[in-house]
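Below: model.txt (compact mmCIF, C-alpha atoms and all ligand atoms)
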```txt
# COMPACT_ATOMS: atom_id res chain seq x y z
CA MET A 1 -83.84 174.13 38.40
CA ASP A 2 -80.09 174.81 38.40
CA GLN A 3 -77.45 172.20 39.11
CA LYS A 4 -76.76 173.34 42.70
CA GLU A 5 -80.47 173.33 43.57
CA ALA A 6 -80.94 169.89 41.98
CA LEU A 7 -77.94 168.43 43.84
CA ASP A 8 -79.17 169.80 47.19
CA LYS A 9 -82.61 168.34 46.57
CA LEU A 10 -81.06 164.97 45.58
CA LEU A 11 -78.99 164.84 48.80
CA GLU A 12 -82.09 165.71 50.83
CA VAL A 13 -84.10 162.91 49.19
CA ILE A 14 -81.22 160.43 49.69
CA ASP A 15 -81.16 161.29 53.40
CA ARG A 16 -84.85 160.55 53.69
CA ILE A 17 -84.50 157.28 51.77
CA ALA A 18 -81.68 156.28 54.13
CA GLU A 19 -84.15 156.79 56.99
CA GLY A 20 -86.58 154.40 55.34
CA ASP A 21 -88.93 156.95 53.75
CA TYR A 22 -89.57 155.54 50.27
CA GLY A 23 -91.68 158.43 48.95
CA GLU A 24 -92.21 159.35 45.32
CA GLU A 25 -89.98 162.45 45.62
CA ILE A 26 -87.05 160.92 43.78
CA MET A 27 -89.25 160.83 40.65
CA SER A 28 -89.47 164.65 40.64
CA LEU A 29 -85.71 164.68 39.97
CA THR A 30 -86.06 162.56 36.80
CA ARG A 31 -87.96 165.30 34.90
CA GLU A 32 -86.54 166.80 31.67
CA ASP A 33 -85.70 170.15 33.32
CA VAL A 34 -83.43 168.60 35.95
CA PRO A 35 -79.81 169.02 34.90
CA GLU A 36 -77.44 166.12 34.33
CA PRO A 37 -75.90 164.20 36.06
CA VAL A 38 -78.45 164.64 38.90
CA ARG A 39 -81.21 163.32 36.60
CA THR A 40 -79.27 160.15 35.71
CA VAL A 41 -78.50 159.47 39.39
CA ALA A 42 -82.18 160.04 40.31
CA GLU A 43 -83.34 157.65 37.55
CA ALA A 44 -80.94 154.96 38.76
CA MET A 45 -82.11 155.44 42.36
CA GLY A 46 -85.76 155.33 41.31
CA LEU A 47 -85.16 151.98 39.59
CA MET A 48 -83.26 150.65 42.58
CA MET A 49 -86.14 151.59 44.89
CA VAL A 50 -88.65 149.80 42.70
CA ARG A 51 -86.50 146.65 42.93
CA VAL A 52 -86.08 146.97 46.71
CA GLU A 53 -89.82 147.43 47.14
CA ALA A 54 -90.55 144.37 45.00
CA ARG A 55 -88.15 142.34 47.11
CA GLU A 56 -89.75 143.60 50.33
CA PHE A 57 -93.16 142.66 49.03
CA HIS A 58 -91.87 139.19 48.19
CA LEU A 59 -90.34 138.84 51.67
CA GLU A 60 -93.57 139.93 53.36
CA ASN A 61 -95.42 137.25 51.41
CA LEU A 62 -92.88 134.65 52.48
CA VAL A 63 -93.22 135.67 56.13
CA ASP A 64 -97.02 135.38 55.82
CA GLU A 65 -96.66 131.94 54.30
CA LEU A 66 -94.32 130.89 57.12
CA ARG A 67 -96.76 132.16 59.69
CA GLN A 68 -99.57 130.14 58.12
CA LEU A 69 -97.38 127.03 57.95
CA ASN A 70 -96.47 127.47 61.59
CA GLU A 71 -100.17 127.70 62.53
CA GLN A 72 -100.83 124.57 60.49
CA ILE A 73 -98.06 122.68 62.26
CA LYS A 74 -99.50 123.70 65.64
CA THR A 75 -103.01 122.62 64.60
CA ASN A 76 -101.75 119.30 63.24
CA THR A 77 -99.67 118.57 66.31
CA LEU A 78 -102.60 119.34 68.58
CA ALA A 79 -104.78 117.07 66.46
CA THR A 80 -102.18 114.30 66.85
CA VAL A 81 -102.03 114.72 70.61
CA SER A 82 -105.84 114.84 70.82
CA ALA A 83 -105.94 111.63 68.77
CA MET A 84 -103.69 110.06 71.41
CA ALA A 85 -106.07 111.27 74.12
CA GLU A 86 -108.96 109.75 72.19
CA ALA A 87 -107.07 106.49 71.76
CA LEU A 88 -106.73 106.45 75.53
CA ALA A 89 -110.46 107.06 75.92
CA THR A 90 -111.23 103.94 73.88
CA ARG A 91 -109.21 101.88 76.40
CA ASP A 92 -110.78 103.50 79.41
CA ALA A 93 -114.52 104.03 79.22
CA TYR A 94 -114.40 106.32 82.24
CA THR A 95 -112.07 108.78 80.50
CA GLN A 96 -114.66 109.30 77.79
CA GLY A 97 -116.49 112.52 78.46
CA HIS A 98 -114.45 113.15 81.60
CA THR A 99 -111.63 115.04 79.89
CA ALA A 100 -114.02 117.21 77.88
CA ARG A 101 -115.97 118.15 81.02
CA VAL A 102 -112.81 118.82 83.03
CA ALA A 103 -111.45 120.97 80.19
CA ARG A 104 -114.62 123.05 80.09
CA LEU A 105 -114.87 123.54 83.86
CA ALA A 106 -111.15 124.29 84.20
CA ARG A 107 -111.25 126.90 81.44
CA GLU A 108 -114.15 128.75 83.00
CA LEU A 109 -112.64 128.54 86.48
CA ALA A 110 -109.30 129.84 85.16
CA GLY A 111 -111.12 132.92 83.83
CA ARG A 112 -112.71 133.46 87.24
CA MET A 113 -109.30 133.22 88.88
CA GLY A 114 -108.20 136.20 86.78
CA MET A 115 -106.29 134.37 84.05
CA ASP A 116 -106.65 136.04 80.63
CA ASP A 117 -108.12 134.30 77.57
CA GLU A 118 -104.81 132.96 76.34
CA GLU A 119 -103.87 131.55 79.77
CA ALA A 120 -107.34 130.09 80.29
CA GLU A 121 -107.12 128.39 76.88
CA LEU A 122 -103.89 126.68 78.00
CA VAL A 123 -105.68 125.47 81.14
CA ARG A 124 -108.45 124.09 78.90
CA LEU A 125 -105.86 122.20 76.83
CA ALA A 126 -104.29 120.85 80.00
CA GLY A 127 -107.76 119.62 81.00
CA GLU A 128 -108.11 117.91 77.65
CA LEU A 129 -104.71 116.23 78.01
CA HIS A 130 -104.26 115.82 81.77
CA ASP A 131 -104.49 112.02 81.83
CA ILE A 132 -102.62 111.39 78.56
CA GLY A 133 -99.89 109.67 80.59
CA LYS A 134 -102.38 106.85 81.33
CA ILE A 135 -101.59 105.69 77.81
CA GLY A 136 -98.72 103.80 79.47
CA PHE A 137 -101.02 101.87 81.85
CA SER A 138 -101.31 98.14 81.57
CA ASP A 139 -104.75 96.81 80.62
CA THR A 140 -105.26 95.48 84.16
CA LEU A 141 -105.61 99.02 85.39
CA PHE A 142 -108.43 99.70 82.97
CA ASP A 143 -110.19 96.37 83.57
CA ASP A 144 -110.09 95.90 87.34
CA HIS A 145 -111.47 99.17 88.58
CA GLY A 146 -113.26 97.44 91.42
CA GLN A 147 -110.18 95.88 93.02
CA LYS A 148 -107.80 97.37 95.48
CA ILE A 149 -104.83 98.74 93.57
CA GLU A 150 -101.44 98.29 95.17
CA GLY A 151 -97.76 97.51 94.53
CA ASP A 152 -96.65 97.82 90.93
CA LEU A 153 -100.05 98.97 89.73
CA LEU A 154 -100.08 101.81 92.23
CA LYS A 155 -96.62 102.79 91.06
CA GLN A 156 -97.92 102.86 87.48
CA ILE A 157 -100.74 105.18 88.48
CA THR A 158 -98.47 107.64 90.25
CA LYS A 159 -96.29 107.83 87.16
CA HIS A 160 -99.00 109.12 84.82
CA PRO A 161 -98.52 112.85 85.47
CA ALA A 162 -94.79 112.67 84.71
CA LEU A 163 -95.30 110.52 81.63
CA GLY A 164 -97.97 112.91 80.38
CA ALA A 165 -95.70 115.90 80.96
CA ARG A 166 -92.90 114.14 79.09
CA ILE A 167 -95.14 113.47 76.09
CA LEU A 168 -96.19 117.13 75.96
CA ALA A 169 -92.85 118.74 76.85
CA HIS A 170 -91.63 118.55 73.25
CA LEU A 171 -94.51 120.70 72.05
CA ASP A 172 -93.06 124.00 73.17
CA PHE A 173 -96.00 126.03 71.86
CA LEU A 174 -98.10 124.40 74.60
CA GLY A 175 -96.12 126.50 77.09
CA PRO A 176 -97.11 125.68 80.68
CA VAL A 177 -99.53 122.88 79.70
CA SER A 178 -97.01 120.10 80.36
CA GLU A 179 -96.25 121.59 83.81
CA TYR A 180 -100.01 121.72 84.61
CA VAL A 181 -100.31 118.08 83.61
CA TYR A 182 -97.23 117.22 85.70
CA CYS A 183 -98.81 118.90 88.75
CA HIS A 184 -102.45 117.85 88.51
CA HIS A 185 -102.22 115.38 91.42
CA GLU A 186 -100.07 117.56 93.66
CA ARG A 187 -101.63 118.90 96.90
CA ILE A 188 -100.87 122.24 98.49
CA ASP A 189 -99.91 120.48 101.77
CA GLY A 190 -97.14 118.63 99.92
CA LYS A 191 -98.78 115.19 100.21
CA GLY A 192 -99.61 114.81 96.53
CA TYR A 193 -97.64 113.10 93.78
CA PRO A 194 -95.30 112.76 91.94
CA ARG A 195 -93.02 115.53 93.27
CA ARG A 196 -94.72 116.40 96.58
CA LEU A 197 -94.76 120.08 95.65
CA GLN A 198 -96.30 122.54 98.10
CA GLY A 199 -98.47 125.66 97.93
CA GLU A 200 -97.18 128.15 95.42
CA GLN A 201 -94.79 125.65 93.88
CA ILE A 202 -97.90 124.33 92.17
CA PRO A 203 -98.90 126.73 89.37
CA LEU A 204 -102.39 128.25 89.54
CA GLY A 205 -103.36 126.53 86.26
CA ALA A 206 -102.70 123.15 87.89
CA GLN A 207 -104.62 124.11 91.07
CA VAL A 208 -107.59 125.04 88.91
CA LEU A 209 -107.26 121.82 86.95
CA SER A 210 -107.15 119.63 90.04
CA VAL A 211 -110.37 121.12 91.47
CA ALA A 212 -112.20 120.62 88.15
CA ASP A 213 -110.79 117.09 87.84
CA ALA A 214 -111.79 116.10 91.40
CA TYR A 215 -115.30 117.54 91.05
CA ASP A 216 -115.99 115.71 87.79
CA ALA A 217 -114.53 112.46 89.14
CA MET A 218 -116.79 112.66 92.21
CA THR A 219 -119.96 113.50 90.34
CA THR A 220 -119.61 110.73 87.73
CA ASP A 221 -120.65 107.10 88.15
CA ARG A 222 -117.68 104.77 88.23
CA PRO A 223 -117.48 101.00 88.69
CA TYR A 224 -116.34 101.41 92.28
CA GLN A 225 -118.36 104.46 93.23
CA LYS A 226 -121.82 105.86 92.66
CA ALA A 227 -121.84 109.50 91.55
CA LEU A 228 -122.06 112.00 94.40
CA THR A 229 -124.53 114.88 94.24
CA HIS A 230 -123.29 118.39 93.51
CA GLN A 231 -123.65 119.37 97.19
CA GLU A 232 -121.81 116.28 98.42
CA ALA A 233 -118.93 116.93 96.00
CA ILE A 234 -118.70 120.58 97.04
CA SER A 235 -118.57 119.60 100.73
CA ILE A 236 -115.72 117.21 100.02
CA LEU A 237 -113.83 119.92 98.11
CA ARG A 238 -114.45 122.22 101.10
CA LYS A 239 -113.17 119.57 103.51
CA PHE A 240 -109.84 119.45 101.68
CA VAL A 241 -109.33 123.21 101.45
CA GLY A 242 -105.87 124.00 102.78
CA GLN A 243 -104.78 120.37 102.30
CA ARG A 244 -105.40 119.59 98.67
CA TYR A 245 -106.84 122.83 97.33
CA LEU A 246 -106.36 126.56 97.58
CA PRO A 247 -109.31 128.19 99.40
CA GLU A 248 -109.75 130.89 96.75
CA VAL A 249 -109.95 128.31 93.95
CA VAL A 250 -112.63 126.27 95.75
CA ASP A 251 -114.53 129.50 96.60
CA ALA A 252 -114.48 130.60 92.96
CA PHE A 253 -115.53 127.12 91.83
CA GLU A 254 -118.45 126.98 94.25
CA LYS A 255 -119.62 130.41 93.14
CA MET A 256 -119.27 129.48 89.48
CA MET A 257 -121.34 126.30 89.90
CA ALA A 258 -123.97 128.10 91.98
CA GLU A 259 -124.46 130.62 89.17
CA LYS A 260 -125.03 127.79 86.69
CA ASP A 261 -128.19 126.62 88.49
FE FE B 301 -104.86 112.11 86.56
```

As a first step, turn the structure in this file into structure tokens.
Ligand SMILES: [Fe+2]
Amino acid sequence: MDQKEALDKLLEVIDRIAEGDYGEEIMSLTREDVPEPVRTVAEAMGLMMVRVEAREFHLENLVDELRQLNEQIKTNTLATVSAMAEALATRDAYTQGHTARVARLARELAGRMGMDDEEAELVRLAGELHDIGKIGFSDTLFDDHGQKIEGDLLKQITKHPALGARILAHLDFLGPVSEYVYCHHERIDGKGYPRRLQGEQIPLGAQVLSVADAYDAMTTDRPYQKALTHQEAISILRKFVGQRYLPEVVDAFEKMMAEKD
């Protein structure tokens, strides 16, 4: 190989390296028959590339580690929030089991409403956490289920969606979950609470959640109410279509429950 040929080849390889192609070609210019100074330059570049590759490998490992740490933080935070939900369940016997059932129903219903797996999973989490704001209730609210609730106590109840949303808002990886929690007592006719949102102002995830929540509440024994049958609960959901619930959500829910039998 003469000097001109070697230099041309070197420039060609450098061009490719500049484009990110770290092939082995530079090594062919470090052979004995390649004239100086092309050989010396090629050897130096070869060494440089080895160092760059080692650094890239190190960086990739660091990014992997960061990704794993990030996942761990998410898991731990969720565990903390779930622990709060469980702490709430120990104060309120009725909450026990309710959240898990609502979460399951809401997730399945979300899938039927065309939400993808990731979106449906967020609806499930919202089901798990929807009443977390009740953590701020006074004990009276948990003890006196049988009595008429009014005045300050009623005010406390209507605050739980906002308090729940505020607790969850800091966990940005939960995405729309805090908004679902915020909206789970809204009605499409605008007569719900706390913001009196209407129709499409209420996200689909929250519409799904409120149907699952209402159904489970109606079909469970509570101190002030004997559990309704499946059919009775469905008729009540039907009755409130267009007021509390979207017709398509109640339709999908009815179909889903019918297929379970
Ligand atoms: Fe609630």

| task | Around ligand FE 301 (chain B), at most 7 Å away and counting all atoms listed in the file, which residues are there? Put them as a PyMOL selection string, please. | result | chain A and resi 130-131+160-161+184-185

| task | Tell me which of A:Leu62, A:Leu69, A:Met218, A:Met49 sits closest to Asp21 (chain A), counting all atoms listed in the file. | result | A:Met49

| task | Kindly indicate which residue among A:Val177, A:Leu163, A:Met45, A:Ile73 lies nearest to Ile17 (chain A), using only C-alpha atoms for the distances. | result | A:Met45

| query | In Å, with one decimal, what is the gap from CA of Ala162 (chain A) to CA of Val208 (chain A)? | reply |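 Going from CA of Ala162 (chain A) over to CA of Val208 (chain A), I get 18.3 Å.
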
| query | Quick one: of A:Ile157, A:Ala6, A:Leu88, A:Val249, who's nearest to Gly114 (chain A), counting all atoms listed in the file? | reply |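 So, comparing all the options, the nearest one is A:Val249.
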
| task | Work out how far apart CA of Thr95 (chain A) and CA of Glu259 (chain A) are and give it in Å to one decimal. | result |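 Distance reported for this atom pair: 26.6 Å.
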
Find the axis-aligned box for region 170-188 of chain A, covering all its listed atoms and adding 5 Å on each side, and write its centre and edge lengths in Å to one decimal as JSON.
```
{"center_x": -97.0, "center_y": 120.9, "center_z": 85.2, "size_x": 20.8, "size_y": 21.1, "size_z": 36.6}
```

| request: For CA of Glu119 (chain A) and CA of Met256 (chain A), determine how far apart the two atoms are, in Å to one decimal place. | output: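 For CA of Glu119 (chain A) relative to CA of Met256 (chain A), the distance reads 18.3 Å.
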
| query | Looking at all atoms listed in the file, which of A:Gly136, A:Gly190, A:Gly46, A:Gly205 is the one that sits closest to Met113 (chain A)? | reply | A:Gly205

| message | Using only C-alpha atoms for the distances, tell me which of A:Ala227, A:Leu122, A:Ala258, A:Val41 is nearest to Ala206 (chain A). | response |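 Going through A:Ala227, A:Leu122, A:Ala258, A:Val41 one by one, the smallest distance to Ala206 (chain A) is for A:Leu122.
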
| task | List the neighbours of Tyr193 (chain A) out to 12 Å using all atoms listed in the file; skip same-chain residues closer than 2 positions along the sequence, and give me the result as a list in words. | result |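 Final neighbour list, sorted by chain and number: Leu154, Lys155, Ile157, Thr158, Lys159, His160, Pro161, Ala162, Val181, Tyr182, Cys183, His184, His185, Glu186, Arg187, Ile188, Asp189, Gly190, Lys191, Arg195, Arg196, Leu197, Gln198, Ile202 and Arg244 of chain A.
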
Could the residues in this selection be saved with C-alpha atoms as a PDB file, keeping the file's coordinate frame?
```pdb
ATOM      1  CA  LEU A 154    -100.080 101.810  92.230  1.00  0.00           C
ATOM      2  CA  LYS A 155     -96.620 102.790  91.060  1.00  0.00           C
ATOM      3  CA  ILE A 157    -100.740 105.180  88.480  1.00  0.00           C
ATOM      4  CA  THR A 158     -98.470 107.640  90.250  1.00  0.00           C
ATOM      5  CA  LYS A 159     -96.290 107.830  87.160  1.00  0.00           C
ATOM      6  CA  HIS A 160     -99.000 109.120  84.820  1.00  0.00           C
ATOM      7  CA  PRO A 161     -98.520 112.850  85.470  1.00  0.00           C
ATOM      8  CA  ALA A 162     -94.790 112.670  84.710  1.00  0.00           C
ATOM      9  CA  VAL A 181    -100.310 118.080  83.610  1.00  0.00           C
ATOM     10  CA  TYR A 182     -97.230 117.220  85.700  1.00  0.00           C
ATOM     11  CA  CYS A 183     -98.810 118.900  88.750  1.00  0.00           C
ATOM     12  CA  HIS A 184    -102.450 117.850  88.510  1.00  0.00           C
ATOM     13  CA  HIS A 185    -102.220 115.380  91.420  1.00  0.00           C
ATOM     14  CA  GLU A 186    -100.070 117.560  93.660  1.00  0.00           C
ATOM     15  CA  ARG A 187    -101.630 118.900  96.900  1.00  0.00           C
ATOM     16  CA  ILE A 188    -100.870 122.240  98.490  1.00  0.00           C
ATOM     17  CA  ASP A 189     -99.910 120.480 101.770  1.00  0.00           C
ATOM     18  CA  GLY A 190     -97.140 118.630  99.920  1.00  0.00           C
ATOM     19  CA  LYS A 191     -98.780 115.190 100.210  1.00  0.00           C
ATOM     20  CA  ARG A 195     -93.020 115.530  93.270  1.00  0.00           C
ATOM     21  CA  ARG A 196     -94.720 116.400  96.580  1.00  0.00           C
ATOM     22  CA  LEU A 197     -94.760 120.080  95.650  1.00  0.00           C
ATOM     23  CA  GLN A 198     -96.300 122.540  98.100  1.00  0.00           C
ATOM     24  CA  ILE A 202     -97.900 124.330  92.170  1.00  0.00           C
ATOM     25  CA  ARG A 244    -105.400 119.590  98.670  1.00  0.00           C
TER      26      ARG A 244
END
```
